[in-house]
Amino acid sequence: MDYNNVVQKMLKVIPEVTPLYEKELEWWDEILPHIVFGDVVNPYIIRLLREGNDEQIAKNVFNFLEQMAICSDEKVHEILAVTVLEQLGDDPTILEEARRYMGNETKKISDEVEKGWGR
């Protein structure tokens, strides 16, 4: 996985996001990964965690985030930390629920993000 294919990899692992992604494409000539994760994936994750009705999809989502966390591409790490985990940390209830599904590396990055924000 790298910055250039992270969106395509995500869509394969989390196909439930595809209709939301396609709708977002209507607004953009080119859609960058930070936009996809910020405007499409984050709201999807937050809704999934709030509703709490599909644990298997939540596991798939957070397994993918863990793959991002262990990826060697720093730009992928930036997407995870700055675009995904910062927003999850904005709501303590969502963050607490998300941590139930996070892998070890994702938790480490989340902890760094939260420390950086003083939360």
# chains A, B, ... in the order shown; residues from 1 in each chain; ligands from 1
>>> residues_around(residues="Lys9 of chain A", least_positions_apart="5", cutoff="9 Å", atoms="only C-alpha atoms", output="PyMOL selection string")
chain A and resi 1+14+64
>>> write_last_selection(atoms="N, CA, C and O atoms", output="PDB file, in the first residue's frame")
ATOM      1  N   MET A   1       0.855  -1.175   0.000  1.00  0.00           N
ATOM      2  CA  MET A   1       0.000   0.000   0.000  1.00  0.00           C
ATOM      3  C   MET A   1       0.898   1.234   0.000  1.00  0.00           C
ATOM      4  O   MET A   1       1.911   1.284   0.691  1.00  0.00           O
ATOM      5  N   ILE A  14     -13.212  -2.221   2.197  1.00  0.00           N
ATOM      6  CA  ILE A  14     -14.441  -1.650   2.775  1.00  0.00           C
ATOM      7  C   ILE A  14     -15.375  -1.247   1.629  1.00  0.00           C
ATOM      8  O   ILE A  14     -15.599  -0.059   1.380  1.00  0.00           O
ATOM      9  N   PHE A  64      -8.103  -2.378   8.357  1.00  0.00           N
ATOM     10  CA  PHE A  64      -7.507  -1.599   7.277  1.00  0.00           C
ATOM     11  C   PHE A  64      -6.696  -0.428   7.844  1.00  0.00           C
ATOM     12  O   PHE A  64      -5.583  -0.155   7.381  1.00  0.00           O
TER      13      PHE A  64
END
>>> residues_around(residues="Asp2 of chain A", least_positions_apart="2", cutoff="8 Å", atoms="only C-alpha atoms", output="ChimeraX atom specification")
/A:4-6,71-73,75-76
>>> atom_distance(atom1="atom CA of Ile46 of chain A", atom2="atom CA of Asp29 of chain A")
26.3 Å
>>> closest_residue(among="A:His34, A:Lys108, A:Lys23, A:Lys12", to="Ala69 of chain A", atoms="only C-alpha atoms")
A:Lys108
>>> select_by_dssp(residues="chain A", states="alpha helix (DSSP H)", output="ChimeraX atom specification")
/A:6-13,18-25,33-36,42-51,55-70,74-78,86-89,92-101,104-116
>>> residues_around(residues="Glu96 of chain A", least_positions_apart="3", cutoff="12 Å", atoms="only C-alpha atoms", output="NGL selection string")
:A and (46 or 49-50 or 85 or 88-93 or 99-102 or 107 or 110-111)
>>> atom_distance(atom1="atom CA of Ile31 of chain A", atom2="atom CA of Ile79 of chain A")
13.7 Å
>>> atom_distance(atom1="atom CA of Ala98 of chain A", atom2="atom CA of Gln56 of chain A")
13.3 Å
>>> closest_residue(among="A:Glu22, A:Glu51, A:Glu74, A:Glu105", to="Val7 of chain A", atoms="only C-alpha atoms")
A:Glu22
>>> closest_residue(among="A:Glu66, A:Asp54, A:Glu16, A:Glu30", to="Val84 of chain A", atoms="only C-alpha atoms")
A:Glu66
>>> residues_around(residues="Ile109 of chain A", least_positions_apart="3", cutoff="9 Å", atoms="only C-alpha atoms", output="VMD selection string")
chain A and resid 69 77 80 to 81 85 104 to 106 112 to 114
>>> residues_around(residues="Val17 of chain A", least_positions_apart="6", cutoff="8 Å", atoms="only C-alpha atoms", output="PDB file with N, CA, C and O atoms, in the first residue's frame")
ATOM      1  N   LEU A  11     -11.183   0.783  -0.809  1.00  0.00           N
ATOM      2  CA  LEU A  11     -12.463   0.435  -1.417  1.00  0.00           C
ATOM      3  C   LEU A  11     -12.625  -1.080  -1.568  1.00  0.00           C
ATOM      4  O   LEU A  11     -13.743  -1.597  -1.488  1.00  0.00           O
ATOM      5  N   VAL A  40     -15.326  11.251   3.278  1.00  0.00           N
ATOM      6  CA  VAL A  40     -16.094  10.029   3.014  1.00  0.00           C
ATOM      7  C   VAL A  40     -15.893   8.994   4.116  1.00  0.00           C
ATOM      8  O   VAL A  40     -16.853   8.530   4.725  1.00  0.00           O
ATOM      9  N   VAL A  41     -14.649   8.625   4.362  1.00  0.00           N
ATOM     10  CA  VAL A  41     -14.372   7.538   5.299  1.00  0.00           C
ATOM     11  C   VAL A  41     -14.667   7.945   6.739  1.00  0.00           C
ATOM     12  O   VAL A  41     -15.315   7.190   7.480  1.00  0.00           O
ATOM     13  N   TYR A  44     -18.283   7.939   7.613  1.00  0.00           N
ATOM     14  CA  TYR A  44     -18.735   6.543   7.607  1.00  0.00           C
ATOM     15  C   TYR A  44     -18.325   5.850   8.914  1.00  0.00           C
ATOM     16  O   TYR A  44     -19.142   5.174   9.546  1.00  0.00           O
TER      17      TYR A  44
END
>>> closest_residue(among="A:Gly52, A:Gly103, A:Gly38, A:Gly118", to="Ile70 of chain A", atoms="only C-alpha atoms")
A:Gly103
